[in-house]
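Asks: One structure follows; several queries about it will come next.
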Amino acid sequence: MSLNHSHVAPSMEAGQDKLIRIAMHSKLEVETQLGQNFICQTIDQINSRGIWLGDDPFSYSVPLFLLQLFLMFIFTRFFCLILKPFGQSPFISQILGGVTLGPSVLGRSSTFTNKVFPSKGINTLETMAFFGFMLFIFLIGVKTDPTIIFRLDKRTFAIGILGFFGPYVLALVVVYILNYFASLDNDVSKILPFVVEIHCITAFPVIAHFLAELQILNSEIGRLASSSSLVCDSCFLLVIAVKFVINLSTTKSTGVTIGSFTSSILFIMFIVLVVHPAALWIVQQSPEGKPTKEIYICAVVFTVLFCGFMGEVIGLHAVVVSFIVGLAIPDGPPLGAALVDKLDCFVSVVFIPILFIIVGLRTDVYAIQKMTNMGIIQLIICVVFFGKVLGALLPLLFCRMPFRDAFSLGLIMNLKGTVELAFLVDLKLKNALNDECFTVLVLSLVLITGIVSPVVKALYDPSRRFLAYRRRTIMHHKNNEELRILACIHKQDNVLAILNLLASSNPTEASPFDLVALHLIKLAGRASSVLVSHIPHENRSKHLTQTEKIFNSFNKFEHASKGKVKLRCYKGISPFATMHNDVCYMALEMRTTFIIIPFHKQWLIGRTTETSFAFKQLNKNVLEKAPCSVGVLIDRGNQKLFWYDYTNELIRYDVATFFFGGADDREALAYAKRMLDQPNVHVTLFLFSFSIENIDGSNKSLMLDTQSLSEFRLKAFRNDRVSYKDEIVKNGRDVLSIIEDMESCYDLVMVGRRHPDSQLMSELRKWKNGDLGTVGELLASLNIGDKTSILVVQQQTKFWGSRDPEESTHLTRVNI
């Protein structure tokens, strides 16, 4: 407690005034006649005038606070650079950075401690750390969708319940046995229940954060872990609430118990019945894609502060209240994403590092004196650890999940982070933990997280399960079966080109389309990824969302097809880095034959382009890991509405197909062959013939090329909508000339992504080469007309037990 000499009552005795004046200059702790301890200090020392005017910057709060944060950033980044190559989380670096500033390392010097972290500034740091953690938990609540707990399956509930109560009961039994049969120190005996509770927590914000770092947030294990952690947190809160009520009823009067319970219920009802509807009203007033009004952001922040204050008044922890208020705010755009965008960076960069400073100042490795105490605490932690692993393993093994994946989930459920650290700090400030036990528990968090993170990264690879068990290509698709297509969309501008392509692909009654439309959305304002079926409902908002506009267009296409297309709409919300997991997962689950995904460049009016590096990486990952064939669709802004009335004889859609040879060109040719029965589609086959030595091909590949061409010609026999152009090329310039002469002649050009190595391809590669392959990159870069879309096709690269058909004896001279 600090005394301000301007607040000293005139009636205080002269001797007491003298003591205070001495204490203000010497910063000594004195004991008053009341028997209480006070630390007295000078006032109005906020900003320093500078060393040239004789001020010591370390005596002023602003420069001292800035130095403390600066040192925290420096040491955090230092450890991050060292530990990142070993797969360690930034959480480990932050703890080590804070410990370095404490009595374990630099704080061993009393001069450093007295200058940089004097006792007069600790209360300020602790208050700011608490306020920062309160905002951090509020943002976690904003990012969390509480309704998800009502959509969880039995497997998730089993993992969450067993993952908490299994280790909780097991550890309490071990604690009881130790207390009964062993002679434990009084301090250790008191903290063991706290150790059990803290390590039984599987905090949802911590799990979601680490899953994002490990880039498995939207994998099967990632979704299971985040959902199960919500169940586990609910179990923990239930236990804490029951213990609180029992403690209150046994230690306080009936009136106090009833008053506390009633006020808490009424306060939570206020948040549910007033704050939540107000947040929904703000969402309805905020059009998607436009910034949320500043007054709405201010209103939410004011509500958090007011509710936090009222919670403290009636006895609810402000952190708990802020989380409940956060849950009342709808996650995602527009309001949730706007709050996260405004507050997240400031909270994580400025406030949360203060928490690690507080931890570091109270972590003293030299306080560990009795290895027996340390061993007992570690024993309880190990019991909880293996109990959690077992709690996750049993339900998953019963559901026949591979042991490796189930074990990875068990490890993930043991990850610890900022939430558990804040619990330890709170216990330390309440003097429930001594220095030795606090240090042991902090180091345990570092040890567990430091081991689990790299082990999970080494064990679990979500792309392993994307391996299909059969051929899923258009070339191997039977004519009398439905064609399963997955169409990926980023925004409304992608829809027209995709629908035109689908309409030209000739859905029929004998071979209808099972079409899955997947709207891919960047994860923003949410803590966990979402992959859900879109359920049409009456929109109370006067503004249609982009997702609704996209799916409305696909619904119109389904209606126009007159029963030849069966549509299912899904929405996938995930980070860009792992968005390909959603695409590949959907393709695998829906047994998709062909994936259509937009190119990362979008042509706009005036021949300008809009490029997205994130979409480029997405396409690259999908091409590498897809369990079926893939087509990258390049839209140059063609506004023809062929899909809207594609049965109208007056509408014509011109398609050109390039054939150089190879599996991908055969897949593109098979797609073109499907279009031959569409009465309004005209197909032109460009067959490039060349005679070049040292082509890396195979007998089987050449045979398949010849067979595919023969089948195409046979089906196109006497079809006046099919034409052929045999192009004899000698070098790359001949190919470029043919492409440039095509300007504005075709609505769609199709070509394979990869081609057998040859002198011609080597020459073309000098001009262009990239993710679309040699010819695909040339078509994307050259000006072939404003209305021409390009489809770069890749045949399924691998399946279970597959062998590359291109691998065989190489030819020395080939004529195609």
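Chain labels follow the order of the structure tokens: the first chain is A, the next B, and so on; residue numbering restarts at 1 in every chain, and ligands are counted from 1 in their shown order.
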Determine, counting only C-alpha atoms, which protein, DNA and RNA residues have an atom within 10 Å of an atom of A:Arg472; residues of the same chain fewer than 6 positions away are not included. Present the result as a PyMOL selection string.
Replies: chain A and resi 484+588+591-594+627-629+795-799
Asks: Could you turn the residues from that selection into a file that holds N, CA, C and O atoms, as a short mmCIF file (atom, residue, chain, number, x, y, z; two decimals), in the first residue's frame?
Replies:
data_model
loop_
_atom_site.label_atom_id
_atom_site.label_comp_id
_atom_site.auth_asym_id
_atom_site.auth_seq_id
_atom_site.Cartn_x
_atom_site.Cartn_y
_atom_site.Cartn_z
N ARG A 484 -18.94 -36.63 -59.43
CA ARG A 484 -18.83 -35.86 -58.19
C ARG A 484 -17.80 -34.75 -58.37
O ARG A 484 -16.62 -35.03 -58.63
N LEU A 588 -12.18 -36.01 -50.13
CA LEU A 588 -12.06 -37.40 -49.69
C LEU A 588 -13.39 -37.91 -49.14
O LEU A 588 -13.82 -39.03 -49.48
N ARG A 591 -16.02 -38.34 -51.85
CA ARG A 591 -15.55 -39.20 -52.94
C ARG A 591 -15.56 -38.46 -54.27
O ARG A 591 -16.06 -38.92 -55.29
N THR A 592 -15.00 -37.26 -54.23
CA THR A 592 -15.00 -36.37 -55.38
C THR A 592 -14.10 -36.89 -56.49
O THR A 592 -13.03 -37.44 -56.22
N THR A 593 -14.53 -36.67 -57.72
CA THR A 593 -13.71 -37.04 -58.88
C THR A 593 -12.88 -35.87 -59.37
O THR A 593 -11.74 -36.05 -59.81
N PHE A 594 -13.44 -34.66 -59.27
CA PHE A 594 -12.75 -33.49 -59.85
C PHE A 594 -12.96 -32.28 -58.95
O PHE A 594 -14.09 -31.99 -58.53
N PRO A 627 -6.83 -35.85 -53.28
CA PRO A 627 -7.06 -37.28 -53.51
C PRO A 627 -7.77 -37.57 -54.83
O PRO A 627 -8.29 -38.67 -55.02
N CYS A 628 -7.82 -36.61 -55.74
CA CYS A 628 -8.49 -36.80 -57.02
C CYS A 628 -7.88 -35.83 -58.03
O CYS A 628 -6.88 -35.17 -57.74
N SER A 629 -8.48 -35.73 -59.20
CA SER A 629 -7.99 -34.79 -60.21
C SER A 629 -8.38 -33.36 -59.82
O SER A 629 -9.37 -33.13 -59.12
N GLN A 795 -4.23 -34.62 -63.49
CA GLN A 795 -4.83 -35.91 -63.16
C GLN A 795 -4.38 -36.34 -61.76
O GLN A 795 -3.30 -35.95 -61.30
N GLN A 796 -5.21 -37.11 -61.09
CA GLN A 796 -4.89 -37.63 -59.76
C GLN A 796 -3.46 -38.17 -59.75
O GLN A 796 -3.09 -39.02 -60.56
N THR A 797 -2.65 -37.67 -58.83
CA THR A 797 -1.23 -38.00 -58.83
C THR A 797 -0.92 -39.31 -58.16
O THR A 797 0.05 -39.98 -58.52
N LYS A 798 -1.71 -39.70 -57.16
CA LYS A 798 -1.39 -40.92 -56.44
C LYS A 798 -2.64 -41.47 -55.76
O LYS A 798 -3.58 -40.75 -55.45
N PHE A 799 -2.65 -42.76 -55.56
CA PHE A 799 -3.67 -43.41 -54.77
C PHE A 799 -3.05 -44.66 -54.16
O PHE A 799 -1.90 -45.00 -54.44
#
Asks: Distance table requested - stretch 253-354 of chain A against stretch 144-168 of chain A, cut-off 12 Å, only C-alpha atoms: one row per qualifying residue with the closest atom pair and its distance in Å to one decimal, ordered by chain and rising residue number, as a Markdown table.
Replies:
| residue | atom | partner | partner_atom | distance |
| --- | --- | --- | --- | --- |
| A:Phe323 | CA | A:Thr144 | CA | 9.7 |
| A:Ile324 | CA | A:Pro146 | CA | 10.0 |
| A:Val325 | CA | A:Thr144 | CA | 11.3 |
| A:Gly326 | CA | A:Thr144 | CA | 8.0 |
| A:Leu327 | CA | A:Thr144 | CA | 6.4 |
| A:Ala328 | CA | A:Pro146 | CA | 8.7 |
| A:Ile329 | CA | A:Asp145 | CA | 9.0 |
| A:Pro330 | CA | A:Asp145 | CA | 7.2 |
| A:Asp331 | CA | A:Asp145 | CA | 6.1 |
| A:Gly332 | CA | A:Thr144 | CA | 9.0 |
| A:Gly336 | CA | A:Thr144 | CA | 9.6 |
| A:Ala337 | CA | A:Thr144 | CA | 11.5 |
| A:Val340 | CA | A:Thr144 | CA | 11.7 |
Asks: Write the selection just made, keeping N, CA, C and O atoms, as a PDB file, in the first residue's frame?
Replies:
ATOM      1  N   PHE A 323     -15.022 -13.005 -19.952  1.00  0.00           N
ATOM      2  CA  PHE A 323     -15.184 -14.150 -20.851  1.00  0.00           C
ATOM      3  C   PHE A 323     -16.658 -14.351 -21.207  1.00  0.00           C
ATOM      4  O   PHE A 323     -16.992 -14.616 -22.367  1.00  0.00           O
ATOM      5  N   ILE A 324     -17.543 -14.211 -20.226  1.00  0.00           N
ATOM      6  CA  ILE A 324     -18.983 -14.371 -20.477  1.00  0.00           C
ATOM      7  C   ILE A 324     -19.468 -13.289 -21.428  1.00  0.00           C
ATOM      8  O   ILE A 324     -20.262 -13.549 -22.355  1.00  0.00           O
ATOM      9  N   VAL A 325     -19.006 -12.047 -21.232  1.00  0.00           N
ATOM     10  CA  VAL A 325     -19.378 -10.955 -22.150  1.00  0.00           C
ATOM     11  C   VAL A 325     -18.861 -11.262 -23.557  1.00  0.00           C
ATOM     12  O   VAL A 325     -19.551 -11.029 -24.554  1.00  0.00           O
ATOM     13  N   GLY A 326     -17.638 -11.798 -23.647  1.00  0.00           N
ATOM     14  CA  GLY A 326     -17.093 -12.168 -24.959  1.00  0.00           C
ATOM     15  C   GLY A 326     -17.931 -13.224 -25.648  1.00  0.00           C
ATOM     16  O   GLY A 326     -18.148 -13.170 -26.861  1.00  0.00           O
ATOM     17  N   LEU A 327     -18.427 -14.203 -24.882  1.00  0.00           N
ATOM     18  CA  LEU A 327     -19.285 -15.231 -25.463  1.00  0.00           C
ATOM     19  C   LEU A 327     -20.584 -14.640 -26.003  1.00  0.00           C
ATOM     20  O   LEU A 327     -21.172 -15.190 -26.948  1.00  0.00           O
ATOM     21  N   ALA A 328     -21.036 -13.540 -25.407  1.00  0.00           N
ATOM     22  CA  ALA A 328     -22.278 -12.911 -25.852  1.00  0.00           C
ATOM     23  C   ALA A 328     -22.114 -12.172 -27.173  1.00  0.00           C
ATOM     24  O   ALA A 328     -23.114 -11.829 -27.818  1.00  0.00           O
ATOM     25  N   ILE A 329     -20.880 -11.918 -27.600  1.00  0.00           N
ATOM     26  CA  ILE A 329     -20.617 -11.241 -28.868  1.00  0.00           C
ATOM     27  C   ILE A 329     -20.503 -12.295 -29.965  1.00  0.00           C
ATOM     28  O   ILE A 329     -19.706 -13.222 -29.839  1.00  0.00           O
ATOM     29  N   PRO A 330     -21.268 -12.203 -31.057  1.00  0.00           N
ATOM     30  CA  PRO A 330     -21.158 -13.189 -32.139  1.00  0.00           C
ATOM     31  C   PRO A 330     -19.748 -13.215 -32.720  1.00  0.00           C
ATOM     32  O   PRO A 330     -19.157 -12.167 -32.983  1.00  0.00           O
ATOM     33  N   ASP A 331     -19.212 -14.421 -32.893  1.00  0.00           N
ATOM     34  CA  ASP A 331     -17.862 -14.550 -33.416  1.00  0.00           C
ATOM     35  C   ASP A 331     -17.851 -14.282 -34.917  1.00  0.00           C
ATOM     36  O   ASP A 331     -18.861 -14.375 -35.597  1.00  0.00           O
ATOM     37  N   GLY A 332     -16.653 -13.976 -35.427  1.00  0.00           N
ATOM     38  CA  GLY A 332     -16.484 -13.758 -36.857  1.00  0.00           C
ATOM     39  C   GLY A 332     -16.942 -12.382 -37.292  1.00  0.00           C
ATOM     40  O   GLY A 332     -17.367 -11.546 -36.478  1.00  0.00           O
ATOM     41  N   GLY A 336     -17.324  -9.392 -34.348  1.00  0.00           N
ATOM     42  CA  GLY A 336     -16.250 -10.138 -33.688  1.00  0.00           C
ATOM     43  C   GLY A 336     -14.908  -9.913 -34.344  1.00  0.00           C
ATOM     44  O   GLY A 336     -13.899  -9.689 -33.664  1.00  0.00           O
ATOM     45  N   ALA A 337     -14.872  -9.959 -35.658  1.00  0.00           N
ATOM     46  CA  ALA A 337     -13.611  -9.750 -36.380  1.00  0.00           C
ATOM     47  C   ALA A 337     -13.093  -8.334 -36.180  1.00  0.00           C
ATOM     48  O   ALA A 337     -11.880  -8.113 -36.065  1.00  0.00           O
ATOM     49  N   VAL A 340     -11.508  -8.104 -32.662  1.00  0.00           N
ATOM     50  CA  VAL A 340     -10.209  -8.786 -32.649  1.00  0.00           C
ATOM     51  C   VAL A 340      -9.173  -7.967 -33.398  1.00  0.00           C
ATOM     52  O   VAL A 340      -8.020  -7.831 -32.961  1.00  0.00           O
TER      53      VAL A 340
END
Asks: Rank nothing, just name the residue among A:Ser453, A:Thr124, A:Asn638, A:Asn680 nearest to A:Lys787, using only C-alpha atoms.
Replies: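 The answer is A:Asn638, which sits nearest to A:Lys787.
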Asks: Under the rule of at most 12 Å, produce a per-residue listing of stretch 260-361 of chain A near stretch 84-95 of chain A: chain, number, name, the closest pair of atoms, and the distance in Å, as a Markdown table, using only C-alpha atoms.
Replies:
| residue | atom | partner | partner_atom | distance |
| --- | --- | --- | --- | --- |
| A:Ser348 | CA | A:Gln94 | CA | 11.4 |
| A:Val349 | CA | A:Gln94 | CA | 11.4 |
| A:Ile352 | CA | A:Gln94 | CA | 9.6 |
| A:Pro353 | CA | A:Gln94 | CA | 7.3 |
| A:Ile354 | CA | A:Gln94 | CA | 10.2 |
| A:Leu355 | CA | A:Ile95 | CA | 9.4 |
| A:Phe356 | CA | A:Ile95 | CA | 5.8 |
| A:Ile357 | CA | A:Ile95 | CA | 8.3 |
| A:Ile358 | CA | A:Ile95 | CA | 10.1 |
| A:Val359 | CA | A:Ile95 | CA | 7.6 |
| A:Gly360 | CA | A:Ile95 | CA | 7.1 |
| A:Leu361 | CA | A:Ile95 | CA | 10.9 |
Asks: Please determine, counting only C-alpha atoms, which residue among A:Val681, A:Ala392, A:Ala212, A:Cys80 has the shortest atom-to-atom distance to A:Ile651.
Replies: A:Val681
Asks: Identify all residues of stretch 432-490 of chain A in strand (DSSP E) (DSSP on the backbone) and supply them as a list in words.
Replies: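 Here are the strand (DSSP E) residues of stretch 432-490 of chain A: Leu483, Arg484, Ile485, Leu486, Ala487, Cys488 and Ile489 of chain A.
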Asks: Mind giving me the straight-line distance from atom CA of A:Asn555 to atom CA of A:Ala517 in Å, one decimal?
Replies: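 Spanning atom CA of A:Asn555 to atom CA of A:Ala517 is a straight-line distance of 10.1 Å.
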Asks: What does the distance between atom CA of A:Leu443 and atom CA of A:Ser228 come to in Å, to one decimal place?
Replies: 25.9 Å
